[in-house]
file coords11.cif (mmCIF, C-alpha atoms)
data_my_file
#
loop_
_atom_site.label_atom_id
_atom_site.label_comp_id
_atom_site.auth_asym_id
_atom_site.auth_seq_id
_atom_site.Cartn_x
_atom_site.Cartn_y
_atom_site.Cartn_z
CA ARG A 1 -14.72 5.80 -11.82
CA LYS A 2 -11.86 4.53 -9.65
CA GLU A 3 -8.73 3.34 -11.41
CA VAL A 4 -8.77 0.05 -9.51
CA GLU A 5 -12.07 -1.37 -8.28
CA GLN A 6 -12.68 -4.24 -5.89
CA ASP A 7 -15.71 -5.71 -4.17
CA PRO A 8 -15.27 -4.43 -0.59
CA GLY A 9 -16.90 -7.50 0.94
CA PRO A 10 -16.72 -8.59 3.63
CA PHE A 11 -16.53 -12.21 2.61
CA ASN A 12 -17.41 -14.49 5.52
CA VAL A 13 -16.40 -18.09 4.81
CA PRO A 14 -15.87 -21.25 6.87
CA GLU A 15 -12.48 -22.86 7.20
CA GLY A 16 -11.67 -25.03 4.22
CA ALA A 17 -13.77 -23.01 1.79
CA THR A 18 -12.57 -21.73 -1.57
CA VAL A 19 -13.00 -18.01 -2.07
CA ALA A 20 -12.39 -15.81 -5.11
CA PHE A 21 -11.76 -12.08 -5.26
CA ASN A 22 -12.12 -9.96 -8.36
CA CYS A 23 -10.59 -6.69 -9.39
CA THR A 24 -10.94 -4.47 -12.45
CA TYR A 25 -8.64 -1.70 -13.62
CA SER A 26 -9.35 1.18 -15.98
CA ASN A 27 -6.01 1.82 -17.70
CA SER A 28 -5.48 -0.61 -20.55
CA ALA A 29 -1.79 0.32 -20.63
CA SER A 30 -1.20 -0.90 -17.07
CA GLN A 31 2.11 -2.69 -16.78
CA SER A 32 2.21 -4.85 -13.65
CA PHE A 33 -0.26 -6.36 -11.27
CA PHE A 34 -0.10 -7.55 -7.69
CA TRP A 35 -2.09 -8.76 -4.73
CA TYR A 36 -1.11 -7.37 -1.33
CA ARG A 37 -2.40 -8.53 2.03
CA GLN A 38 -3.13 -6.14 4.88
CA ASP A 39 -3.92 -7.40 8.36
CA CYS A 40 -6.03 -5.27 10.66
CA ARG A 41 -4.12 -2.14 11.72
CA LYS A 42 -0.94 -3.39 10.02
CA GLU A 43 0.98 -2.40 6.92
CA PRO A 44 0.31 -3.96 3.49
CA LYS A 45 2.65 -6.76 2.41
CA LEU A 46 3.10 -8.28 -1.02
CA LEU A 47 1.21 -11.55 -1.37
CA MET A 48 2.02 -12.31 -4.99
CA SER A 49 2.62 -10.79 -8.37
CA VAL A 50 0.14 -11.58 -11.14
CA TYR A 51 1.43 -12.79 -14.48
CA SER A 52 -0.41 -13.00 -17.79
CA SER A 53 -0.15 -16.78 -17.84
CA GLY A 54 -1.58 -17.05 -14.34
CA ASN A 55 0.46 -18.15 -11.39
CA GLU A 56 0.08 -20.20 -8.26
CA ASP A 57 1.70 -20.07 -4.85
CA GLY A 58 0.51 -22.87 -2.62
CA ARG A 59 -3.19 -22.35 -1.94
CA PHE A 60 -3.23 -19.03 -3.79
CA THR A 61 -3.84 -18.66 -7.53
CA ALA A 62 -3.78 -15.35 -9.39
CA GLN A 63 -5.14 -14.75 -12.88
CA LEU A 64 -4.92 -11.78 -15.24
CA ASN A 65 -7.18 -11.08 -18.20
CA ARG A 66 -5.74 -8.09 -20.06
CA ALA A 67 -8.52 -8.00 -22.64
CA SER A 68 -11.15 -7.61 -19.92
CA GLN A 69 -8.83 -5.63 -17.61
CA TYR A 70 -9.62 -8.04 -14.83
CA ILE A 71 -7.52 -9.66 -12.10
CA SER A 72 -8.55 -12.43 -9.75
CA LEU A 73 -7.25 -14.15 -6.64
CA LEU A 74 -8.41 -17.61 -5.62
CA ILE A 75 -7.76 -18.98 -2.16
CA ARG A 76 -8.30 -22.69 -1.67
CA ASP A 77 -8.73 -24.50 1.65
CA SER A 78 -9.10 -21.25 3.61
CA LYS A 79 -7.38 -20.99 6.98
CA LEU A 80 -8.29 -18.80 9.93
CA SER A 81 -4.98 -17.02 9.34
CA ASP A 82 -6.13 -15.97 5.87
CA SER A 83 -8.47 -13.43 7.49
CA ALA A 84 -7.26 -10.06 6.24
CA THR A 85 -7.92 -7.40 3.63
CA TYR A 86 -6.66 -8.24 0.14
CA LEU A 87 -5.55 -5.28 -1.95
CA CYS A 88 -5.47 -5.35 -5.74
CA VAL A 89 -2.56 -3.24 -6.96
CA VAL A 90 -1.78 -2.01 -10.46
CA ARG A 91 1.40 -0.35 -11.67
CA ASP A 92 1.11 2.13 -14.54
CA TRP A 93 3.69 3.96 -16.56
CA GLY A 94 3.14 7.68 -16.90
CA GLY A 95 6.60 9.13 -17.19
CA GLY A 96 7.49 7.15 -14.11
CA PHE A 97 5.88 4.14 -12.53
CA LYS A 98 2.77 4.87 -10.51
CA THR A 99 1.39 2.31 -8.07
CA ILE A 100 -2.37 2.35 -7.59
CA PHE A 101 -4.04 0.51 -4.74
CA GLY A 102 -7.60 -0.74 -4.73
CA ALA A 103 -9.68 -0.19 -1.60
CA GLY A 104 -9.36 -3.86 -0.67
CA THR A 105 -11.65 -6.83 -0.08
CA ARG A 106 -12.08 -7.97 3.50
CA LEU A 107 -12.05 -11.70 4.23
CA PHE A 108 -13.15 -13.32 7.47
CA VAL A 109 -12.49 -17.05 7.79
CA LYS A 110 -14.41 -18.67 10.66
CA ALA A 111 -13.97 -21.99 12.43
CA GLU B 112 11.43 -8.80 6.81
CA ALA B 113 11.56 -5.32 5.29
CA ASP B 114 14.10 -2.93 6.80
CA ILE B 115 11.99 0.18 6.92
CA TYR B 116 11.18 1.86 10.17
CA GLN B 117 8.74 4.52 11.26
CA THR B 118 8.60 6.53 14.46
CA PRO B 119 6.56 7.27 16.41
CA ARG B 120 4.19 4.34 16.01
CA TYR B 121 1.48 6.19 17.88
CA LEU B 122 1.14 9.92 18.54
CA VAL B 123 -1.63 11.83 20.29
CA ILE B 124 -1.15 15.56 20.07
CA GLY B 125 -3.07 18.80 20.46
CA THR B 126 -4.22 21.09 17.69
CA GLY B 127 -1.65 23.56 16.42
CA LYS B 128 1.42 21.53 17.31
CA LYS B 129 4.18 20.86 14.81
CA ILE B 130 4.92 17.19 14.26
CA THR B 131 7.46 15.20 12.29
CA LEU B 132 6.95 11.56 11.38
CA GLU B 133 10.22 9.79 10.79
CA CYS B 134 10.87 7.11 8.17
CA SER B 135 14.16 5.34 7.56
CA GLN B 136 15.11 2.40 5.35
CA THR B 137 18.34 0.44 5.23
CA MET B 138 17.78 -1.27 1.89
CA GLY B 139 19.36 1.45 -0.24
CA HIS B 140 16.10 2.02 -2.09
CA ASP B 141 15.93 5.10 -4.30
CA LYS B 142 12.20 5.59 -4.22
CA MET B 143 10.27 6.41 -1.08
CA TYR B 144 6.61 7.19 -0.50
CA TRP B 145 4.16 8.43 2.10
CA TYR B 146 0.62 7.08 2.07
CA GLN B 147 -2.32 8.13 4.20
CA GLN B 148 -4.93 5.55 5.18
CA ASP B 149 -8.08 6.02 7.25
CA PRO B 150 -9.56 2.92 8.99
CA GLY B 151 -11.16 0.57 6.47
CA MET B 152 -10.31 2.83 3.58
CA GLU B 153 -7.81 2.70 0.72
CA LEU B 154 -4.29 4.04 0.73
CA HIS B 155 -3.78 7.48 -0.77
CA LEU B 156 -0.37 8.62 -1.97
CA ILE B 157 0.48 12.02 -0.49
CA HIS B 158 4.23 12.35 -1.26
CA TYR B 159 6.97 10.49 -3.07
CA SER B 160 10.64 10.84 -3.86
CA TYR B 161 12.82 9.43 -6.63
CA GLY B 162 16.02 10.07 -4.70
CA VAL B 163 18.01 12.64 -2.76
CA ASN B 164 16.69 16.19 -3.18
CA SER B 165 13.68 14.91 -5.14
CA THR B 166 10.18 15.28 -3.69
CA GLU B 167 6.80 15.26 -5.43
CA LYS B 168 3.23 15.62 -4.29
CA GLY B 169 1.01 12.59 -4.63
CA ASP B 170 -2.57 12.14 -5.72
CA LEU B 171 -4.15 13.28 -2.48
CA SER B 172 -3.65 16.87 -1.47
CA SER B 173 -1.94 17.14 1.88
CA GLU B 174 -0.86 20.02 4.07
CA SER B 175 2.21 18.05 5.08
CA THR B 176 5.68 18.53 3.64
CA VAL B 177 8.57 16.12 3.12
CA SER B 178 12.31 16.27 2.60
CA ARG B 179 14.91 13.85 1.23
CA ILE B 180 18.36 14.97 2.25
CA ARG B 181 19.68 11.42 2.63
CA THR B 182 18.75 8.31 0.66
CA GLU B 183 17.69 6.40 3.74
CA HIS B 184 15.61 9.10 5.40
CA PHE B 185 12.23 10.58 4.32
CA PRO B 186 10.56 12.54 7.14
CA LEU B 187 7.06 14.02 6.90
CA THR B 188 6.21 17.25 8.72
CA LEU B 189 2.94 18.92 9.66
CA GLU B 190 3.56 22.51 10.70
CA SER B 191 0.25 22.91 12.55
CA ALA B 192 -1.69 19.74 13.28
CA ARG B 193 -5.48 19.73 13.07
CA PRO B 194 -8.10 17.08 13.93
CA SER B 195 -8.59 16.49 10.17
CA HIS B 196 -5.01 15.18 10.07
CA THR B 197 -5.96 12.26 12.30
CA SER B 198 -5.09 9.16 10.27
CA GLN B 199 -2.53 6.43 9.76
CA TYR B 200 0.56 7.43 7.78
CA LEU B 201 2.45 4.65 6.03
CA CYS B 202 5.95 5.07 4.63
CA ALA B 203 7.17 2.77 1.85
CA SER B 204 10.19 2.29 -0.37
CA SER B 205 11.07 0.50 -3.58
CA LEU B 206 13.99 -0.06 -5.90
CA ARG B 207 14.73 2.18 -8.87
CA ASP B 208 12.17 1.59 -11.65
CA SER B 209 14.57 -0.12 -14.06
CA THR B 210 15.30 -2.86 -11.58
CA ASN B 211 11.98 -2.85 -9.80
CA THR B 212 9.66 -5.82 -9.65
CA GLY B 213 7.06 -3.37 -8.42
CA GLU B 214 7.11 -4.44 -4.79
CA LEU B 215 6.67 -1.72 -2.22
CA PHE B 216 8.05 -2.35 1.26
CA PHE B 217 6.04 -0.66 3.98
CA GLY B 218 6.90 0.49 7.44
CA GLU B 219 4.54 -0.41 10.28
CA GLY B 220 2.87 2.98 10.12
CA SER B 221 2.44 6.00 12.36
CA ARG B 222 -1.02 6.39 13.82
CA LEU B 223 -1.68 10.08 14.46
CA THR B 224 -4.51 11.45 16.58
CA VAL B 225 -4.96 15.20 16.79
CA LEU B 226 -7.25 16.39 19.58
#
call {"tool": "encode", "arguments": {"input": "coords11.cif", "output": "structure tokens"}}
result
Amino acid sequence: RKEVEQDPGPFNVPEGATVAFNCTYSNSASQSFFWYRQDCRKEPKLLMSVYSSGNEDGRFTAQLNRASQYISLLIRDSKLSDSATYLCVVRDWGGGFKTIFGAGTRLFVKA
Amino acid sequence: EADIYQTPRYLVIGTGKKITLECSQTMGHDKMYWYQQDPGMELHLIHYSYGVNSTEKGDLSSESTVSRIRTEHFPLTLESARPSHTSQYLCASSLRDSTNTGELFFGEGSRLTVL
């Protein structure tokens, strides 16, 4: 079983739609959680950190459920520019911090 | 914008050649990493460094080697390139763990094709 699992998609949605991505992680002792965005043939960039209380950044909302070891990302009012791969990232402590990337969920937003 | 740079961005080379992928960062970050990523696939950590003279192998076995003689510089070397080494190589850096929010800053990547 992979340490971080995501639905690979692709998700094909029209502009203006709301889309939700899910992610599960296997290590209950995981410390920190993030969503990164990766455009086609580009490097990953941090989209937002995920806090236990949930957090929002504009149209993006991230949620964490530690009991279920589950992370989500909600995108409201999708834009064409939101088309990308969204990577769920978990940071574990094992004598040093270890960053684990999920395989990513691909999103295509169409006009 | 992150101040981490990789060269070359693209490299097409024949089998058996020695190659070095350069990575430099101007943020004073202690930790640096090399990831390998095939198209449409996840990132795999192949090397990392906690600081000068520190290098460790990552989760994915790699025939490449790295060195960290200066804080800002973390080159990756393949002594004899093979077609199986064809991939994108992404360099990243982050702050020391005690002050780290967890964010990794990535370079734009080096896309290697071995014929």
call {"tool": "interface_residues", "arguments": {"input": "coords11.cif", "of": "chain A", "to": "chain B", "cutoff": "12 Å", "atoms": "only C-alpha atoms", "output": "count of residues only"}}
result
50
call {"tool": "residues_around", "arguments": {"input": "coords11.cif", "residues": "Asn65 of chain A", "least_positions_apart": "2", "cutoff": "10 Å", "atoms": "only C-alpha atoms", "output": "list in words"}}
result
Thr24, Tyr51, Ser52, Ser53, Gly54, Gln63, Ala67, Ser68, Gln69, Tyr70, Ile71 and Ser72 of chain A
call {"tool": "atom_distance", "arguments": {"input": "coords11.cif", "atom1": "atom CA of Val13 of chain A", "atom2": "atom CA of Phe108 of chain A"}}
result
6.4 Å
call {"tool": "residues_around", "arguments": {"input": "coords11.cif", "residues": "Ser78 of chain A", "least_positions_apart": "2", "cutoff": "12 Å", "atoms": "all atoms listed in the file", "output": "count of residues only"}}
result
26
call {"tool": "atom_distance", "arguments": {"input": "coords11.cif", "atom1": "atom CA of Ser221 of chain B", "atom2": "atom CA of Lys79 of chain A"}}
result
29.2 Å
call {"tool": "atom_distance", "arguments": {"input": "coords11.cif", "atom1": "atom CA of Ser26 of chain A", "atom2": "atom CA of His158 of chain B"}}
result
22.9 Å
call {"tool": "closest_residue", "arguments": {"input": "coords11.cif", "among": "B:Thr137, B:Thr118, B:Ser191, B:Thr126", "to": "Ser205 of chain B", "atoms": "all atoms listed in the file"}}
result
B:Thr137
call {"tool": "resolve_selection", "arguments": {"input": "coords11.cif", "expression": "the PyMOL selection byres ((chain B and resi 198) around 6)", "output": "VMD selection string"}}
result
chain B and resid 149 197 199 223
